[in-house]
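Visitor: Below is the file query-v2.txt, which contains compact mmCIF, C-alpha atoms and all ligand atoms.
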```
# COMPACT_ATOMS: atom_id res chain seq x y z
CA MET A 1428 -2.05 -0.83 -23.55
CA ALA A 1429 -4.15 -2.85 -21.11
CA GLN A 1430 -7.39 -1.28 -19.85
CA PRO A 1431 -7.46 0.22 -16.32
CA LEU A 1432 -8.87 -2.25 -13.82
CA THR A 1433 -12.19 -1.36 -12.18
CA ALA A 1434 -13.88 -2.44 -8.95
CA PRO A 1435 -16.59 -4.41 -10.85
CA ALA A 1436 -13.83 -6.19 -12.82
CA VAL A 1437 -12.12 -7.12 -9.54
CA ARG A 1438 -15.42 -8.34 -8.09
CA ALA A 1439 -15.71 -10.82 -10.98
CA ARG A 1440 -12.29 -12.36 -10.27
CA LYS A 1441 -13.37 -15.44 -8.25
CA THR A 1442 -10.83 -18.20 -8.77
CA ARG A 1443 -13.46 -20.95 -8.48
CA ALA A 1444 -15.00 -19.42 -11.62
CA GLY A 1445 -11.67 -19.86 -13.38
CA ALA A 1446 -10.22 -16.37 -12.76
CA GLU A 1447 -6.50 -15.81 -12.30
CA PRO A 1448 -5.58 -14.91 -8.67
CA LEU A 1449 -5.60 -11.18 -7.94
CA VAL A 1450 -2.31 -9.48 -7.15
CA MET A 1451 -2.38 -6.53 -4.77
CA VAL A 1452 0.58 -4.62 -3.34
CA THR A 1453 0.75 -1.47 -1.27
CA ALA A 1454 2.31 1.76 -2.49
CA TYR A 1455 2.48 5.17 -0.87
CA ASP A 1456 4.05 7.49 -3.42
CA ALA A 1457 4.42 8.04 -7.17
CA PRO A 1458 7.65 6.06 -7.75
CA GLY A 1459 6.26 3.14 -5.73
CA ALA A 1460 3.03 3.22 -7.74
CA ARG A 1461 4.97 3.29 -11.03
CA ILE A 1462 7.08 0.31 -9.93
CA ALA A 1463 4.01 -1.69 -8.86
CA ASP A 1464 2.10 -0.78 -12.00
CA GLU A 1465 4.96 -1.58 -14.37
CA ALA A 1466 5.27 -4.94 -12.59
CA GLY A 1467 1.66 -5.59 -13.63
CA VAL A 1468 -0.19 -5.77 -10.31
CA ASP A 1469 -3.99 -5.63 -10.39
CA ILE A 1470 -4.57 -3.44 -7.33
CA ILE A 1471 -2.46 -0.81 -5.58
CA LEU A 1472 -3.49 -0.40 -1.96
CA VAL A 1473 -2.54 2.89 -0.34
CA GLY A 1474 -2.56 1.16 3.01
CA ASP A 1475 -2.55 2.73 6.43
CA SER A 1476 0.54 0.54 6.86
CA VAL A 1477 2.19 3.76 5.60
CA ALA A 1478 2.17 4.66 9.31
CA MET A 1479 4.55 1.83 10.15
CA VAL A 1480 6.68 1.31 7.03
CA VAL A 1481 7.10 4.93 5.92
CA LEU A 1482 6.26 7.27 8.79
CA GLY A 1483 7.99 5.31 11.55
CA TYR A 1484 5.05 4.73 13.91
CA ASP A 1485 4.62 1.49 15.87
CA ASP A 1486 1.03 0.92 14.73
CA THR A 1487 -1.43 2.17 12.11
CA LEU A 1488 -3.54 4.22 14.51
CA GLN A 1489 -1.52 7.38 14.09
CA VAL A 1490 -2.39 8.26 10.48
CA THR A 1491 -5.19 10.69 9.67
CA VAL A 1492 -7.41 11.24 6.65
CA ASP A 1493 -5.12 14.16 5.73
CA ASP A 1494 -2.09 11.84 5.80
CA MET A 1495 -3.88 9.24 3.69
CA ALA A 1496 -5.10 11.83 1.16
CA HIS A 1497 -1.53 13.10 0.78
CA HIS A 1498 -0.24 9.61 -0.07
CA VAL A 1499 -3.25 8.69 -2.24
CA ALA A 1500 -2.70 11.83 -4.33
CA ALA A 1501 0.97 10.94 -4.83
CA VAL A 1502 0.04 7.43 -5.99
CA ALA A 1503 -2.72 8.74 -8.27
CA ARG A 1504 -0.32 11.16 -9.97
CA ALA A 1505 1.47 8.10 -11.37
CA LYS A 1506 -1.79 7.33 -13.24
CA PRO A 1507 -1.52 3.58 -12.70
CA ARG A 1508 -3.51 1.06 -14.71
CA ALA A 1509 -4.05 -0.85 -11.46
CA LEU A 1510 -7.10 -0.09 -9.35
CA VAL A 1511 -6.15 2.38 -6.58
CA VAL A 1512 -7.75 1.45 -3.25
CA ALA A 1513 -7.24 3.72 -0.22
CA ASP A 1514 -7.43 2.67 3.41
CA LEU A 1515 -9.85 4.62 5.53
CA PRO A 1516 -7.74 5.25 8.64
CA TRP A 1517 -8.78 4.54 12.20
CA LEU A 1518 -11.59 6.78 13.48
CA SER A 1519 -12.52 8.00 10.00
CA TYR A 1520 -15.57 5.67 9.79
CA HIS A 1521 -16.32 4.85 13.42
CA LEU A 1522 -18.22 8.01 14.39
CA GLY A 1523 -21.16 7.57 12.04
CA PRO A 1524 -22.08 6.87 8.42
CA GLU A 1525 -22.05 10.55 7.38
CA ASP A 1526 -18.53 10.98 8.64
CA ALA A 1527 -17.53 7.76 6.87
CA VAL A 1528 -18.92 9.02 3.54
CA ARG A 1529 -17.25 12.43 3.93
CA ASN A 1530 -13.88 10.80 4.63
CA ALA A 1531 -14.23 8.22 1.86
CA ALA A 1532 -15.09 11.05 -0.55
CA ARG A 1533 -11.92 12.92 0.44
CA LEU A 1534 -9.85 9.89 -0.51
CA VAL A 1535 -11.72 9.54 -3.81
CA ARG A 1536 -11.13 13.24 -4.54
CA ALA A 1537 -7.44 12.61 -3.80
CA GLY A 1538 -7.43 9.93 -6.51
CA ALA A 1539 -8.65 6.61 -5.05
CA GLN A 1540 -11.18 4.53 -6.97
CA ALA A 1541 -12.31 2.55 -3.92
CA VAL A 1542 -11.79 2.53 -0.16
CA LYS A 1543 -11.00 -0.25 2.30
CA LEU A 1544 -12.20 -0.40 5.89
CA GLU A 1545 -11.68 -2.89 8.69
CA GLY A 1546 -14.31 -4.93 10.51
CA GLY A 1547 -17.53 -6.84 9.91
CA ARG A 1548 -21.01 -6.54 11.37
CA LYS A 1549 -20.27 -3.36 13.36
CA ARG A 1550 -19.17 -1.58 10.18
CA LEU A 1551 -22.18 -2.43 8.01
CA PRO A 1552 -23.83 1.02 8.40
CA ALA A 1553 -20.60 2.68 7.24
CA VAL A 1554 -20.23 0.21 4.35
CA SER A 1555 -23.82 0.82 3.17
CA ALA A 1556 -23.53 4.60 3.42
CA ILE A 1557 -20.27 4.67 1.45
CA LEU A 1558 -21.74 2.35 -1.18
CA ASP A 1559 -24.80 4.62 -1.38
CA ALA A 1560 -22.41 7.42 -2.26
CA GLU A 1561 -21.29 5.25 -5.21
CA ILE A 1562 -17.86 4.50 -3.74
CA PRO A 1563 -16.77 0.85 -3.97
CA VAL A 1564 -15.76 -0.69 -0.63
CA MET A 1565 -13.22 -3.43 0.08
CA GLY A 1566 -13.68 -5.21 3.41
CA HIS A 1567 -10.93 -6.39 5.78
CA LEU A 1568 -11.35 -9.20 8.33
CA GLY A 1569 -9.18 -11.39 10.56
CA LEU A 1570 -6.27 -9.48 12.06
CA THR A 1571 -7.48 -5.92 11.68
CA PRO A 1572 -4.48 -3.78 12.72
CA GLN A 1573 -6.64 -0.79 13.67
CA SER A 1574 -7.99 -3.03 16.50
CA VAL A 1575 -4.50 -3.84 17.79
CA HIS A 1576 -5.30 -2.77 21.35
CA ALA A 1577 -8.70 -4.47 21.43
CA LEU A 1578 -7.16 -7.69 20.04
CA GLY A 1579 -4.26 -7.55 22.50
CA GLY A 1580 -1.57 -7.35 19.80
CA PHE A 1581 -0.88 -8.34 16.21
CA LYS A 1582 -2.12 -11.94 16.61
CA VAL A 1583 -3.41 -14.66 14.31
CA GLN A 1584 -7.24 -14.63 14.40
CA GLY A 1585 -9.91 -17.31 13.96
CA LYS A 1586 -8.00 -20.11 15.68
CA GLU A 1587 -11.00 -21.31 17.74
CA ALA A 1588 -14.03 -22.88 16.04
CA ASP A 1589 -16.36 -20.10 17.22
CA ALA A 1590 -14.05 -17.38 15.98
CA ALA A 1591 -13.65 -19.16 12.65
CA ARG A 1592 -17.43 -19.43 12.26
CA GLY A 1593 -17.68 -15.75 13.21
CA LEU A 1594 -15.27 -14.81 10.42
CA VAL A 1595 -17.32 -16.72 7.85
CA THR A 1596 -20.48 -14.93 9.04
CA GLU A 1597 -18.83 -11.51 8.99
CA ALA A 1598 -17.46 -12.11 5.49
CA THR A 1599 -20.90 -13.17 4.27
CA LEU A 1600 -22.42 -10.00 5.75
CA LEU A 1601 -19.81 -7.79 4.07
CA ALA A 1602 -20.31 -9.51 0.72
CA GLU A 1603 -24.10 -9.25 1.01
CA ALA A 1604 -23.77 -5.56 1.93
CA GLY A 1605 -21.97 -5.02 -1.39
CA CYS A 1606 -18.21 -5.08 -0.71
CA PHE A 1607 -16.46 -5.89 -4.00
CA SER A 1608 -13.70 -7.90 -2.30
CA ILE A 1609 -12.48 -8.73 1.19
CA VAL A 1610 -8.96 -8.76 2.63
CA VAL A 1611 -8.43 -11.68 5.02
CA GLU A 1612 -5.40 -11.14 7.26
CA ALA A 1613 -3.53 -13.56 9.51
CA VAL A 1614 -5.95 -16.46 9.86
CA PRO A 1615 -5.29 -20.21 9.54
CA ASP A 1616 -5.34 -21.38 5.92
CA VAL A 1617 -8.38 -23.64 6.46
CA VAL A 1618 -10.37 -20.73 7.88
CA ALA A 1619 -9.45 -18.52 4.91
CA ARG A 1620 -10.58 -21.36 2.64
CA SER A 1621 -13.97 -21.52 4.38
CA VAL A 1622 -14.36 -17.74 4.10
CA THR A 1623 -13.40 -17.86 0.42
CA ASP A 1624 -15.85 -20.70 -0.25
CA ALA A 1625 -18.63 -18.87 1.57
CA VAL A 1626 -18.58 -15.60 -0.35
CA GLY A 1627 -19.24 -14.68 -3.97
CA VAL A 1628 -16.64 -11.89 -4.03
CA PRO A 1629 -12.89 -12.38 -4.12
CA THR A 1630 -10.93 -12.73 -0.91
CA ILE A 1631 -7.43 -11.29 -0.88
CA GLY A 1632 -5.18 -12.95 1.65
CA ILE A 1633 -2.21 -11.79 3.69
CA GLY A 1634 -1.01 -14.51 6.01
CA ALA A 1635 -4.13 -16.47 5.10
CA GLY A 1636 -2.78 -19.31 2.98
CA PRO A 1637 -3.16 -20.10 -0.70
CA ALA A 1638 -6.92 -20.67 -0.98
CA CYS A 1639 -7.82 -16.97 -1.22
CA ASP A 1640 -8.74 -15.47 -4.59
CA GLY A 1641 -5.71 -13.18 -4.43
CA GLN A 1642 -2.77 -12.12 -2.29
CA VAL A 1643 -1.47 -8.83 -0.94
CA LEU A 1644 1.93 -7.88 0.45
CA VAL A 1645 3.31 -4.63 1.80
CA PHE A 1646 5.74 -2.98 -0.67
CA HIS A 1647 8.54 -2.54 1.87
CA ASP A 1648 8.25 -6.15 3.12
CA LEU A 1649 8.20 -7.69 -0.36
CA LEU A 1650 11.24 -5.67 -1.48
CA GLY A 1651 13.20 -6.02 1.75
CA LEU A 1652 13.19 -2.26 2.29
CA GLN A 1653 12.56 -2.61 6.00
CA ASP A 1654 13.57 -5.12 8.63
CA ARG A 1655 11.85 -3.73 11.73
CA VAL A 1656 9.25 -6.50 11.64
CA ARG A 1657 9.23 -9.67 9.54
CA PRO A 1658 5.96 -11.60 9.91
CA LYS A 1659 6.03 -15.31 8.96
CA PHE A 1660 3.79 -14.70 5.95
CA VAL A 1661 6.16 -12.27 4.23
CA ARG A 1662 8.12 -13.60 1.29
CA GLN A 1663 10.94 -11.17 0.64
CA TYR A 1664 11.70 -11.02 -3.10
CA ALA A 1665 14.61 -8.56 -2.87
CA THR A 1666 16.98 -7.06 -0.30
CA LEU A 1667 16.71 -3.42 -1.27
CA LYS A 1668 17.58 -2.06 2.17
CA ALA A 1669 20.95 -3.83 2.05
CA ASP A 1670 21.44 -2.77 -1.59
CA ALA A 1671 20.61 0.85 -0.69
CA ILE A 1672 23.02 0.89 2.24
CA ALA A 1673 25.79 -0.53 0.04
CA ALA A 1674 25.06 2.04 -2.70
CA ILE A 1675 25.07 5.02 -0.34
CA ALA A 1676 28.22 3.76 1.41
CA ALA A 1677 29.93 3.51 -2.02
CA TYR A 1678 28.84 7.08 -2.83
CA ALA A 1679 30.19 8.30 0.52
CA ALA A 1680 33.52 6.54 -0.09
CA ASP A 1681 33.79 8.09 -3.58
CA VAL A 1682 33.08 11.61 -2.26
CA ARG A 1683 35.61 11.21 0.55
CA ALA A 1684 38.28 9.88 -1.81
CA GLY A 1685 37.69 12.61 -4.44
CA ARG A 1686 36.39 10.10 -7.01
CA PHE A 1687 32.95 11.77 -7.28
CA PRO A 1688 32.05 13.77 -9.29
CA ALA A 1689 34.18 12.82 -12.29
CA ASP A 1690 34.86 15.07 -15.26
CA ALA A 1691 31.97 13.47 -17.19
CA GLU A 1692 29.60 14.25 -14.29
CA SER A 1693 30.49 17.97 -14.25
CA TYR A 1694 29.31 20.90 -16.40
CA HIS A 1695 31.99 22.70 -18.41
CA LEU A 1696 32.26 26.03 -20.17
CA PRO A 1697 33.02 25.91 -23.90
CA GLY A 1698 36.67 26.92 -24.70
CA GLU A 1699 35.92 30.45 -26.00
CA ALA A 1700 33.58 31.33 -23.15
CA MET A 1701 36.18 30.09 -20.71
CA ALA A 1702 38.95 32.15 -22.32
CA ALA A 1703 36.78 35.29 -22.46
CA ALA A 1704 35.70 34.94 -18.85
CA GLU A 1705 39.25 34.26 -17.78
CA SER A 1706 40.71 37.32 -19.48
CA ALA A 1707 37.86 39.57 -18.26
CA THR A 1708 37.91 38.50 -14.65
CA GLY A 1709 40.86 36.24 -14.04
CA LEU A 1710 38.17 34.17 -12.38
CA TYR A 1711 39.06 30.60 -13.28
CA GLY A 1712 42.16 28.89 -12.03
CA ALA A 1713 44.57 26.66 -13.91
CA GLY A 1714 42.79 23.43 -12.98
CA ALA A 1715 39.46 24.48 -14.53
CA SER A 1716 38.15 22.31 -17.34
CA ARG A 1717 37.58 23.83 -20.77
CA SER A 1718 35.56 21.21 -22.62
CA ALA A 1719 31.79 21.71 -22.87
O1 LIG B 1 -2.48 -1.19 5.34
C1 LIG B 1 -2.17 -2.22 4.71
O2 LIG B 1 -1.07 -2.34 4.15
C2 LIG B 1 -3.14 -3.31 4.68
C3 LIG B 1 -2.70 -4.60 4.08
C4 LIG B 1 -1.78 -5.31 4.99
C5 LIG B 1 -3.84 -5.43 3.68
O3 LIG B 1 -4.23 -3.15 5.13
```
So, in terms of structure tokens, how does the structure I just supplied come out?
Ligand code: KIV

Guide:
Amino acid sequence: MAQPLTAPAVRARKTRAGAEPLVMVTAYDAPGARIADEAGVDIILVGDSVAMVVLGYDDTLQVTVDDMAHHVAAVARAKPRALVVADLPWLSYHLGPEDAVRNAARLVRAGAQAVKLEGGRKRLPAVSAILDAEIPVMGHLGLTPQSVHALGGFKVQGKEADAARGLVTEATLLAEAGCFSIVVEAVPDVVARSVTDAVGVPTIGIGAGPACDGQVLVFHDLLGLQDRVRPKFVRQYATLKADAIAAIAAYAADVRAGRFPADAESYHLPGEAMAAAESATGLYGAGASRSA
């Protein structure tokens, strides 16, 4: 069996050094983690996107450290080979480095091997403190969904030259601070290329073009399990929501027509037990099955 992937092993996966692109996907529970792991992904991200794709919120700001720990623990119970990275939710690393370390540690105790946080320069004290506690940190730049109100919506970032230069600087700062990789979300492909060229750690893109050192997609988007939002960058590899609706509708039709459960899907008493019970109690009617 392949060795579990570690944060240092991920850090070494720079494509310009000949490495294969990294594959990251989100998962929020044990079956999702097993599916992702058996598909051979490198990294499972327990993303705060759980707020939107699982818990029904309109943004990621609603999830707490308790919520994240609950989902991280479920993913960790699947014991994936992939590296498990947990999102630090909004306000869990904004109030000071000590708070950031305490919250990162909770996610590690729940089963994560690294944490991800959003932002650049402003977050360097939190990054350094978490790294000092020996917890690997993944950065996240570009469209940072926890800043949805400050950014004025879920919008492509880095379109102006200044903003693009700013992203390169922020990425360099995160890499120099010790982040083992950096997610780059919703930026023009050329900007993601500049960021990727500028840093010595892998970039993992989502809506950031092909030049990144890896790609990430949200589980429910990739599998077509949700259709509430469909950003341009999502490639949907399956239509599981439609398949699930069809399957449950077929089950409902079978129940209503008396086709489910069938004899083979029912438990039966062996013949003698049936006869004994019948003569003792007169309990079972004529239609009861006798085969075990
Ligand atoms: O929460 C999440 O799913 C993420 C990815 C989109 C990178 O942060």

Visitor: Looking at A:Val1610, A:Ala1707, A:Ile1633, A:Val1645, which one is nearest to Met1479 (chain A), with distances taken over only C-alpha atoms?

Guide: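 The closest residue to Met1479 (chain A) is A:Val1645.
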
Visitor: Nearest residue to Pro1507 (chain A) out of A:Ala1537, A:Val1450, A:Leu1482, A:Ala1429, using only C-alpha atoms?

Guide: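 Comparing A:Ala1537, A:Val1450, A:Leu1482, A:Ala1429 against Pro1507 (chain A), the winner is A:Ala1429.
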
Visitor: Would you please work out which residue, of A:Gly1579, A:Gly1627, A:Gly1566, A:Pro1615, is nearest to ligand LIG 1 (chain B) when using all atoms listed in the file?

Guide: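 So, comparing all the options, the nearest one is A:Gly1566.
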
Visitor: Taking into account all atoms listed in the file, which residue in the set A:Val1622, A:Ala1703, A:Ala1501, A:Val1595 is nearest to Gly1636 (chain A)?

Guide: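 Smallest distance to Gly1636 (chain A) is found for A:Val1622.
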
Visitor: Might you pull out every residue within 12 Å of Ala1532 (chain A), with all atoms listed in the file counted and same-chain residues fewer than 6 positions away left off, and present them as a PyMOL selection string?

Guide: chain A and resi 1492+1496+1513+1515+1519-1520+1525-1526+1538-1542+1556-1564

Visitor: Interatomic distance between atom C3 of ligand LIG 1 (chain B) and CA of Thr1571 (chain A)?

Guide: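 Computing it gives 9.1 Å between the two atoms.
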
Visitor: Residues within 6 Å of ligand LIG 1 (chain B), counting all atoms listed in the file: report them as JSON, numbers by chain.

Guide: {"A": [1453, 1474, 1475, 1476, 1645]}

Visitor: With C-alpha atoms retained, export the selected residues as a CSV table (one decimal), keeping the file's coordinate frame.

Guide:
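The resulting out-v1.csv:
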```csv
chain,number,residue,atom,x,y,z
A,1453,THR,CA,0.8,-1.5,-1.3
A,1474,GLY,CA,-2.6,1.2,3.0
A,1475,ASP,CA,-2.6,2.7,6.4
A,1476,SER,CA,0.5,0.5,6.9
A,1645,VAL,CA,3.3,-4.6,1.8
```

Visitor: Counting all atoms listed in the file, which residues come within 6 Å of (-0.8, 6.7, -2.5), with the point read in the file's coordinates, and could you list them as a PyMOL selection string?

Guide: chain A and resi 1454-1456+1473+1498-1502

Visitor: Got a sec: who's within 9 Å of Ala1625 (chain A), counting only C-alpha atoms, leaving out chain neighbours fewer than 3 positions off, as a list in words?

Guide: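 Skipping anything fewer than 3 positions along the chain leaves Val1595, Thr1596, Ala1598, Thr1599, Arg1620, Ser1621 and Val1622 of chain A.
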
Visitor: Go through A:Val1618, A:Leu1432, A:Val1682, A:Val1656 and flag the residue nearest Phe1581 (chain A), using only C-alpha atoms for the distances.

Guide: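 Residue with the minimum atom-to-atom distance to Phe1581 (chain A): A:Val1656.
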
Visitor: Could you give me, as a PDB file with C-alpha atoms, in the coordinates of the input, the residues within 9 Å of Gly1632 (chain A), counting all atoms listed in the file and dropping anything in the same chain fewer than 2 positions from it?

Guide:
```
ATOM      1  CA  ILE A1609     -12.480  -8.730   1.190  1.00  0.00           C
ATOM      2  CA  VAL A1610      -8.960  -8.760   2.630  1.00  0.00           C
ATOM      3  CA  VAL A1611      -8.430 -11.680   5.020  1.00  0.00           C
ATOM      4  CA  GLU A1612      -5.400 -11.140   7.260  1.00  0.00           C
ATOM      5  CA  ALA A1613      -3.530 -13.560   9.510  1.00  0.00           C
ATOM      6  CA  VAL A1614      -5.950 -16.460   9.860  1.00  0.00           C
ATOM      7  CA  ALA A1619      -9.450 -18.520   4.910  1.00  0.00           C
ATOM      8  CA  THR A1630     -10.930 -12.730  -0.910  1.00  0.00           C
ATOM      9  CA  GLY A1634      -1.010 -14.510   6.010  1.00  0.00           C
ATOM     10  CA  ALA A1635      -4.130 -16.470   5.100  1.00  0.00           C
ATOM     11  CA  GLY A1636      -2.780 -19.310   2.980  1.00  0.00           C
ATOM     12  CA  PRO A1637      -3.160 -20.100  -0.700  1.00  0.00           C
ATOM     13  CA  ALA A1638      -6.920 -20.670  -0.980  1.00  0.00           C
ATOM     14  CA  CYS A1639      -7.820 -16.970  -1.220  1.00  0.00           C
ATOM     15  CA  ASP A1640      -8.740 -15.470  -4.590  1.00  0.00           C
ATOM     16  CA  GLY A1641      -5.710 -13.180  -4.430  1.00  0.00           C
ATOM     17  CA  GLN A1642      -2.770 -12.120  -2.290  1.00  0.00           C
ATOM     18  CA  VAL A1643      -1.470  -8.830  -0.940  1.00  0.00           C
ATOM     19  CA  LEU A1644       1.930  -7.880   0.450  1.00  0.00           C
TER      20      LEU A1644
END
```

Visitor: Calculated over all atoms listed in the file, which of the candidates A:Gly1685, A:Pro1572, A:Gly1585, A:Gly1651 has the smallest distance to Ala1669 (chain A)?

Guide: A:Gly1651

Visitor: Complete the atom set of region 1651-1665 of chain A to N, CA and C atoms and return it as a PDB file, keeping the file's coordinate frame.

Guide:
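The result, stored in rebuild.pdb:
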```pdb
ATOM      1  N   GLY A1651      12.118  -6.014   0.763  1.00  0.00           N
ATOM      2  CA  GLY A1651      13.200  -6.020   1.750  1.00  0.00           C
ATOM      3  C   GLY A1651      13.710  -4.620   2.031  1.00  0.00           C
ATOM      4  N   LEU A1652      12.796  -3.640   2.019  1.00  0.00           N
ATOM      5  CA  LEU A1652      13.190  -2.260   2.290  1.00  0.00           C
ATOM      6  C   LEU A1652      13.170  -1.952   3.782  1.00  0.00           C
ATOM      7  N   GLN A1653      12.569  -2.819   4.551  1.00  0.00           N
ATOM      8  CA  GLN A1653      12.560  -2.610   6.000  1.00  0.00           C
ATOM      9  C   GLN A1653      12.767  -3.947   6.702  1.00  0.00           C
ATOM     10  N   ASP A1654      13.383  -3.885   7.881  1.00  0.00           N
ATOM     11  CA  ASP A1654      13.570  -5.120   8.630  1.00  0.00           C
ATOM     12  C   ASP A1654      13.179  -4.941  10.088  1.00  0.00           C
ATOM     13  N   ARG A1655      12.304  -3.949  10.345  1.00  0.00           N
ATOM     14  CA  ARG A1655      11.850  -3.730  11.730  1.00  0.00           C
ATOM     15  C   ARG A1655      10.998  -4.896  12.203  1.00  0.00           C
ATOM     16  N   VAL A1656      10.062  -5.318  11.330  1.00  0.00           N
ATOM     17  CA  VAL A1656       9.250  -6.500  11.640  1.00  0.00           C
ATOM     18  C   VAL A1656       9.241  -7.409  10.425  1.00  0.00           C
ATOM     19  N   ARG A1657       9.225  -8.722  10.649  1.00  0.00           N
ATOM     20  CA  ARG A1657       9.230  -9.670   9.540  1.00  0.00           C
ATOM     21  C   ARG A1657       8.254 -10.789   9.859  1.00  0.00           C
ATOM     22  N   PRO A1658       6.936 -10.547   9.624  1.00  0.00           N
ATOM     23  CA  PRO A1658       5.960 -11.600   9.910  1.00  0.00           C
ATOM     24  C   PRO A1658       6.249 -12.858   9.082  1.00  0.00           C
ATOM     25  N   LYS A1659       5.809 -14.007   9.604  1.00  0.00           N
ATOM     26  CA  LYS A1659       6.030 -15.310   8.960  1.00  0.00           C
ATOM     27  C   LYS A1659       5.516 -15.341   7.523  1.00  0.00           C
ATOM     28  N   PHE A1660       4.429 -14.588   7.270  1.00  0.00           N
ATOM     29  CA  PHE A1660       3.790 -14.700   5.950  1.00  0.00           C
ATOM     30  C   PHE A1660       4.493 -13.887   4.865  1.00  0.00           C
ATOM     31  N   VAL A1661       5.495 -13.104   5.242  1.00  0.00           N
ATOM     32  CA  VAL A1661       6.160 -12.270   4.230  1.00  0.00           C
ATOM     33  C   VAL A1661       7.157 -13.110   3.441  1.00  0.00           C
ATOM     34  N   ARG A1662       7.025 -13.085   2.120  1.00  0.00           N
ATOM     35  CA  ARG A1662       8.120 -13.600   1.290  1.00  0.00           C
ATOM     36  C   ARG A1662       8.844 -12.388   0.738  1.00  0.00           C
ATOM     37  N   GLN A1663      10.155 -12.316   1.047  1.00  0.00           N
ATOM     38  CA  GLN A1663      10.940 -11.170   0.640  1.00  0.00           C
ATOM     39  C   GLN A1663      11.595 -11.487  -0.705  1.00  0.00           C
ATOM     40  N   TYR A1664      11.229 -10.723  -1.742  1.00  0.00           N
ATOM     41  CA  TYR A1664      11.700 -11.020  -3.100  1.00  0.00           C
ATOM     42  C   TYR A1664      12.959 -10.239  -3.465  1.00  0.00           C
ATOM     43  N   ALA A1665      13.399  -9.342  -2.599  1.00  0.00           N
ATOM     44  CA  ALA A1665      14.610  -8.560  -2.870  1.00  0.00           C
ATOM     45  C   ALA A1665      15.158  -8.093  -1.520  1.00  0.00           C
TER      46      ALA A1665
END
```
